[in-house]
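File shown: run28.txt. Contents: compact mmCIF, C-alpha atoms and all ligand atoms.
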```
# COMPACT_ATOMS: atom_id res chain seq x y z
CA MET A 17 0.00 0.00 0.00
CA ASP A 18 1.17 3.48 -0.84
CA LEU A 19 1.97 5.58 2.27
CA TYR A 20 -0.62 8.20 1.40
CA ASP A 21 -3.27 5.50 1.00
CA VAL A 22 -2.37 4.10 4.42
CA MET A 23 -2.69 7.58 5.96
CA ALA A 24 -6.10 8.03 4.36
CA ARG A 25 -7.29 4.54 5.43
CA ARG A 26 -6.06 4.83 9.05
CA ARG A 27 -9.01 5.03 11.39
CA ASP A 28 -9.60 5.01 15.12
CA THR A 29 -11.31 1.65 15.69
CA ARG A 30 -13.84 0.73 18.39
CA ALA A 31 -16.73 -1.44 17.23
CA GLU A 32 -15.05 -3.28 14.36
CA PHE A 33 -12.73 -5.66 16.27
CA THR A 34 -13.34 -9.34 15.50
CA GLY A 35 -11.80 -10.56 18.78
CA ARG A 36 -8.83 -12.09 16.97
CA PRO A 37 -5.55 -10.60 18.20
CA PRO A 38 -2.79 -9.83 15.70
CA ARG A 39 -0.49 -12.72 14.80
CA ALA A 40 2.79 -12.60 16.74
CA GLU A 41 4.96 -11.82 13.71
CA VAL A 42 2.60 -9.04 12.61
CA LEU A 43 2.60 -7.46 16.07
CA GLU A 44 6.38 -7.66 16.07
CA ARG A 45 6.52 -5.76 12.76
CA VAL A 46 4.10 -3.12 14.02
CA LEU A 47 6.02 -2.56 17.26
CA GLY A 48 9.23 -2.56 15.23
CA ALA A 49 7.76 0.26 13.12
CA ALA A 50 7.00 2.21 16.31
CA HIS A 51 10.61 1.76 17.37
CA LEU A 52 11.81 3.28 14.05
CA ALA A 53 10.34 6.66 15.03
CA PRO A 54 12.52 9.75 15.34
CA SER A 55 13.19 10.88 18.90
CA VAL A 56 14.76 13.90 20.51
CA GLY A 57 18.48 13.26 21.06
CA THR A 58 17.88 9.63 19.98
CA SER A 59 16.44 9.15 23.43
CA GLN A 60 13.88 6.55 22.23
CA PRO A 61 11.86 7.32 25.36
CA TRP A 62 8.96 4.96 24.60
CA VAL A 63 7.93 1.98 26.69
CA PHE A 64 5.47 -0.65 25.44
CA VAL A 65 3.50 -3.07 27.59
CA THR A 66 1.22 -5.62 25.94
CA VAL A 67 -1.85 -6.54 28.00
CA ARG A 68 -3.88 -9.68 27.29
CA ASP A 69 -4.91 -10.91 30.74
CA PRO A 70 -8.75 -10.83 30.75
CA ASP A 71 -8.84 -9.60 34.36
CA ARG A 72 -6.49 -6.71 33.62
CA LEU A 73 -8.44 -5.83 30.44
CA ALA A 74 -11.70 -5.90 32.42
CA ALA A 75 -10.24 -3.74 35.20
CA PHE A 76 -9.19 -1.14 32.65
CA ARG A 77 -12.52 -1.30 30.83
CA ASP A 78 -14.36 -0.71 34.13
CA HIS A 79 -12.16 2.29 34.93
CA VAL A 80 -12.71 3.73 31.44
CA GLU A 81 -16.46 3.27 31.82
CA THR A 82 -16.33 5.31 35.04
CA GLU A 83 -14.43 8.08 33.26
CA ARG A 84 -16.84 7.93 30.31
CA GLN A 85 -19.64 8.60 32.79
CA VAL A 86 -17.68 11.49 34.35
CA PHE A 87 -17.46 13.14 30.93
CA ALA A 88 -21.07 12.32 30.07
CA ALA A 89 -22.19 14.04 33.29
CA SER A 90 -20.52 17.26 32.10
CA LEU A 91 -22.74 17.40 28.99
CA ASP A 92 -26.27 18.74 28.43
CA GLY A 93 -28.97 18.51 25.77
CA GLU A 94 -27.86 17.61 22.25
CA ARG A 95 -24.22 17.09 23.30
CA ALA A 96 -25.27 14.55 25.93
CA GLU A 97 -27.56 12.73 23.48
CA THR A 98 -24.94 12.62 20.75
CA PHE A 99 -22.19 11.46 23.09
CA ALA A 100 -24.40 8.67 24.44
CA ARG A 101 -24.41 7.08 20.96
CA ILE A 102 -20.61 7.05 20.66
CA LYS A 103 -18.51 4.05 21.68
CA VAL A 104 -15.24 5.28 23.19
CA GLU A 105 -13.28 2.02 23.47
CA GLY A 106 -12.92 -1.57 22.27
CA ILE A 107 -10.82 -2.85 25.16
CA LEU A 108 -12.38 -6.29 25.61
CA GLU A 109 -13.35 -6.71 21.96
CA SER A 110 -9.80 -6.19 20.68
CA GLY A 111 -8.35 -8.59 23.27
CA LEU A 112 -5.01 -6.79 23.21
CA GLY A 113 -3.99 -3.52 24.78
CA VAL A 114 -0.67 -1.91 23.96
CA VAL A 115 0.11 0.58 26.71
CA VAL A 116 2.62 3.20 25.65
CA GLY A 117 4.61 5.08 28.25
CA TYR A 118 7.12 7.91 28.30
CA ASP A 119 10.37 7.34 30.18
CA PRO A 120 12.36 10.61 30.37
CA THR A 121 15.42 8.82 31.79
CA THR A 122 16.42 6.59 28.85
CA ALA A 123 19.22 8.87 27.62
CA GLY A 124 20.48 10.36 30.87
CA GLU A 125 20.27 14.01 31.91
CA GLN A 126 21.78 15.67 28.83
CA VAL A 127 19.31 14.93 26.06
CA LEU A 128 20.36 16.72 22.88
CA GLY A 129 17.49 18.99 21.87
CA ARG A 130 15.41 18.69 25.04
CA HIS A 131 17.11 21.25 27.28
CA ALA A 132 14.66 24.04 26.39
CA ILE A 133 11.56 22.00 25.60
CA ALA A 134 10.87 19.23 28.08
CA ASP A 135 7.83 18.13 26.05
CA ALA A 136 10.08 17.10 23.15
CA GLY A 137 10.37 13.70 24.85
CA LEU A 138 6.60 13.34 24.87
CA TYR A 139 6.42 14.40 21.21
CA SER A 140 8.82 11.55 20.41
CA VAL A 141 6.51 9.00 22.06
CA CYS A 142 3.59 10.31 20.02
CA LEU A 143 5.59 9.82 16.83
CA ALA A 144 6.19 6.19 17.81
CA ILE A 145 2.44 5.80 18.32
CA GLN A 146 1.72 7.27 14.91
CA ASN A 147 4.25 4.89 13.31
CA LEU A 148 2.55 1.99 15.10
CA TRP A 149 -0.87 3.17 13.93
CA LEU A 150 0.16 3.52 10.28
CA ALA A 151 2.00 0.16 10.26
CA ALA A 152 -1.05 -1.51 11.82
CA THR A 153 -3.23 0.01 9.09
CA ALA A 154 -0.89 -1.32 6.42
CA GLU A 155 -1.26 -4.75 8.08
CA ASP A 156 -5.09 -4.41 8.01
CA LEU A 157 -5.26 -4.19 11.79
CA GLY A 158 -7.41 -1.80 13.78
CA VAL A 159 -6.07 0.54 16.46
CA GLY A 160 -8.19 2.46 18.95
CA TRP A 161 -6.57 5.08 21.19
CA VAL A 162 -8.23 5.25 24.60
CA SER A 163 -7.64 8.29 26.81
CA PHE A 164 -10.61 8.07 29.18
CA TYR A 165 -8.43 7.17 32.17
CA ARG A 166 -6.52 8.67 35.05
CA GLU A 167 -2.77 8.32 34.61
CA GLU A 168 -2.23 6.99 38.16
CA PHE A 169 -4.70 4.18 37.52
CA LEU A 170 -2.97 3.00 34.35
CA ARG A 171 0.48 3.41 35.91
CA ASP A 172 -0.51 1.09 38.74
CA LEU A 173 -2.31 -1.36 36.44
CA VAL A 174 0.78 -2.08 34.33
CA GLY A 175 3.41 -1.45 37.00
CA PHE A 176 5.10 1.63 35.57
CA PRO A 177 7.49 3.23 38.07
CA ALA A 178 6.67 6.79 39.18
CA HIS A 179 8.90 8.42 36.54
CA VAL A 180 7.22 6.65 33.58
CA ARG A 181 4.18 8.53 32.33
CA PRO A 182 1.36 6.58 30.66
CA VAL A 183 0.67 8.17 27.26
CA ALA A 184 -1.81 5.85 25.60
CA TRP A 185 -3.80 2.66 25.78
CA LEU A 186 -4.07 1.32 22.26
CA CYS A 187 -6.62 -1.38 21.49
CA VAL A 188 -5.00 -3.43 18.71
CA GLY A 189 -6.57 -6.30 16.84
CA GLU A 190 -8.00 -7.75 13.67
CA VAL A 191 -11.02 -5.90 12.35
CA ALA A 192 -13.95 -6.73 10.10
CA HIS A 193 -13.21 -3.51 8.22
CA LEU A 194 -11.91 -0.01 8.79
CA PRO A 195 -14.72 2.56 8.62
CA ALA A 196 -14.37 5.15 5.86
CA VAL A 197 -15.65 7.97 8.09
CA PRO A 198 -14.46 8.68 11.68
CA ASP A 199 -17.05 7.81 14.34
CA LEU A 200 -17.15 11.35 15.74
CA GLU A 201 -18.17 12.61 12.30
CA ARG A 202 -20.57 9.70 11.62
CA PHE A 203 -22.43 10.28 14.90
CA GLY A 204 -22.52 14.07 14.54
CA TRP A 205 -20.10 14.95 17.35
CA ARG A 206 -17.59 16.87 15.27
CA ASP A 207 -16.57 17.06 11.61
CA ARG A 208 -13.05 17.32 10.29
CA GLY A 209 -12.15 20.83 9.14
CA PRO A 210 -10.19 21.99 6.11
CA LEU A 211 -6.40 22.32 6.07
CA VAL A 212 -5.35 25.87 6.97
CA VAL A 213 -1.81 27.10 6.26
CA HIS A 214 -0.71 30.55 7.42
CA GLU A 215 1.91 32.43 5.44
CA GLU A 216 4.70 34.19 7.33
CA THR A 217 2.65 34.99 10.45
CA TYR A 218 -0.38 33.50 12.12
CA VAL A 219 -3.71 35.05 11.27
CA PRO A 220 -6.53 34.36 13.76
CA ALA A 221 -9.72 32.81 12.40
CA GLY A 222 -12.01 35.60 11.08
CA GLY A 223 -9.15 37.75 9.81
CA ALA A 224 -6.41 39.97 11.20
C1 LIG B 1 -4.51 11.58 21.86
C2 LIG B 1 -5.76 10.88 21.37
C3 LIG B 1 -6.68 10.38 22.30
C4 LIG B 1 -7.84 9.75 21.86
N1 LIG B 1 -8.69 9.21 22.79
C5 LIG B 1 -9.80 8.53 22.37
C6 LIG B 1 -10.68 7.89 23.29
O1 LIG B 1 -10.48 7.90 24.50
N2 LIG B 1 -11.74 7.23 22.82
C7 LIG B 1 -12.01 7.18 21.49
O2 LIG B 1 -13.00 6.55 21.10
N3 LIG B 1 -11.19 7.75 20.57
C8 LIG B 1 -10.09 8.41 20.99
N4 LIG B 1 -9.25 8.98 20.07
C9 LIG B 1 -9.56 8.86 18.64
C10 LIG B 1 -10.13 10.15 18.05
O3 LIG B 1 -11.45 10.31 18.48
C11 LIG B 1 -10.03 10.02 16.53
O4 LIG B 1 -8.68 9.97 16.18
C12 LIG B 1 -10.71 11.18 15.81
O5 LIG B 1 -12.10 11.12 16.04
C13 LIG B 1 -10.46 11.13 14.31
O6 LIG B 1 -10.85 9.87 13.80
P1 LIG B 1 -9.82 8.96 13.01
O7 LIG B 1 -8.66 8.68 13.91
O8 LIG B 1 -10.60 7.71 12.68
O9 LIG B 1 -9.39 9.71 11.80
C14 LIG B 1 -8.09 9.61 20.48
C15 LIG B 1 -7.16 10.10 19.55
C16 LIG B 1 -6.01 10.73 19.99
C17 LIG B 1 -5.01 11.22 18.97
```
Mind converting the file's structure to structure tokens?
Amino acid sequence: MDLYDVMARRRDTRAEFTGRPPRAEVLERVLGAAHLAPSVGTSQPWVFVTVRDPDRLAAFRDHVETERQVFAASLDGERAETFARIKVEGILESGLGVVVGYDPTTAGEQVLGRHAIADAGLYSVCLAIQNLWLAATAEDLGVGWVSFYREEFLRDLVGFPAHVRPVAWLCVGEVAHLPAVPDLERFGWRDRGPLVVHEETYVPAGGA
């Protein structure tokens, strides 16, 4: 598949998992792609934990459900009704969670390029996630990013030490198909907007 086609096909996946986890060699390729990502000072600050234990998956699903309800309680009227129709995770259905963490200590204190921007380490982890997501798409796998959780809960669940920050829970698995349209658009939560490029200086929406 052409890279641009993969980017266009990539979709956040929730309801389409078949319950079949990725084959071991495919998962290895996908995680290998994540590990090819660029990183500030070659710090490679990503940590991956694969979770398959049904009890651990269920514990995370229950926590996410609580957080889904917290968000739902903050909504009124049409927003509440629309959100109620949206599935926000496929944790049990996918059967595999890939937890991605950020470890700022992998390259020591002097990380080339991070002295002025501490977040550059976090950016690097997100690039690894995007590599993983695109490679999974090329392998016809689904990926669903779940962020309805408290970081302390996920840290404890997978045993990250205090200095490792949980960045994502990714549901990864075989899918019946990848939807053509993102769920948030399909259910009327929010549409994608057009590309906007500013020339020379930023112009606020509505004009200077
Ligand atoms: C940082 C991040 C966190 C996200 N968290 C969730 C989530 O908790 N639940 C969910 O259903 N989708 C989540 N998503 C997926 C987005 O809703 C999705 O990417 C967006 O609607 C666009 O759809 P697409 O990825 O299919 O193009 C997350 C995506 C990102 C990048």
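Environment of ligand LIG 1 (chain B), defined as every protein or nucleic acid residue with an atom within 7 Å of it and counting all atoms listed in the file, comprises A:Arg26, A:Arg27, A:Asp28, A:Thr29, A:Arg30, A:Lys103, A:Val104, A:Glu105, A:Gly160, A:Trp161, A:Val162, A:Ser163, A:Phe164, A:Val197, A:Pro198, A:Asp199, A:Leu200.
One distance worth recording is that between CA of Val183 (chain A) and CA of Val116 (chain A), which is 5.6 Å.
Here CA of Arg84 (chain A) and CA of Ala100 (chain A) stand 9.6 Å from one another.
For the pair CA of Gly106 (chain A) and CA of Gly48 (chain A), the separation is 23.3 Å.
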Exercise. Identify which of the residues A:Asp172, A:Glu190, A:Asp156, A:Glu125 lies closest to Pro37 (chain A), counting only C-alpha atoms when measuring atom-to-atom distances.
Key: A:Glu190
Report as JSON lines: every residue of region 23-50 of chain A with an atom at most 12 Å from region 64-73 of chain A, its closest pair of atoms, and their distance in Å to one decimal, counting all atoms listed in the file, with rows sorted by chain and ascending residue number.
```
{"residue": "A:Gly35", "atom": "CA", "partner": "A:Arg68", "partner_atom": "CA", "distance": 11.7}
{"residue": "A:Arg36", "atom": "CA", "partner": "A:Arg68", "partner_atom": "CA", "distance": 11.7}
{"residue": "A:Pro37", "atom": "CA", "partner": "A:Arg68", "partner_atom": "CA", "distance": 9.3}
{"residue": "A:Pro38", "atom": "CA", "partner": "A:Arg68", "partner_atom": "CA", "distance": 11.6}
{"residue": "A:Ala40", "atom": "CA", "partner": "A:Thr66", "partner_atom": "CA", "distance": 11.7}
{"residue": "A:Leu43", "atom": "CA", "partner": "A:Thr66", "partner_atom": "CA", "distance": 10.1}
{"residue": "A:Glu44", "atom": "CA", "partner": "A:Thr66", "partner_atom": "CA", "distance": 11.3}
{"residue": "A:Val46", "atom": "CA", "partner": "A:Phe64", "partner_atom": "CA", "distance": 11.8}
{"residue": "A:Leu47", "atom": "CA", "partner": "A:Phe64", "partner_atom": "CA", "distance": 8.4}
{"residue": "A:Gly48", "atom": "CA", "partner": "A:Phe64", "partner_atom": "CA", "distance": 11.0}
{"residue": "A:Ala50", "atom": "CA", "partner": "A:Phe64", "partner_atom": "CA", "distance": 9.7}
```
Quiz prompt | Residue contacts of Ala154 (chain A) (9 Å, only C-alpha atoms) excluding same-chain residues fewer than 4 positions away, as a PyMOL selection string | solution = chain A and resi 17-19+22+25-26+149-150
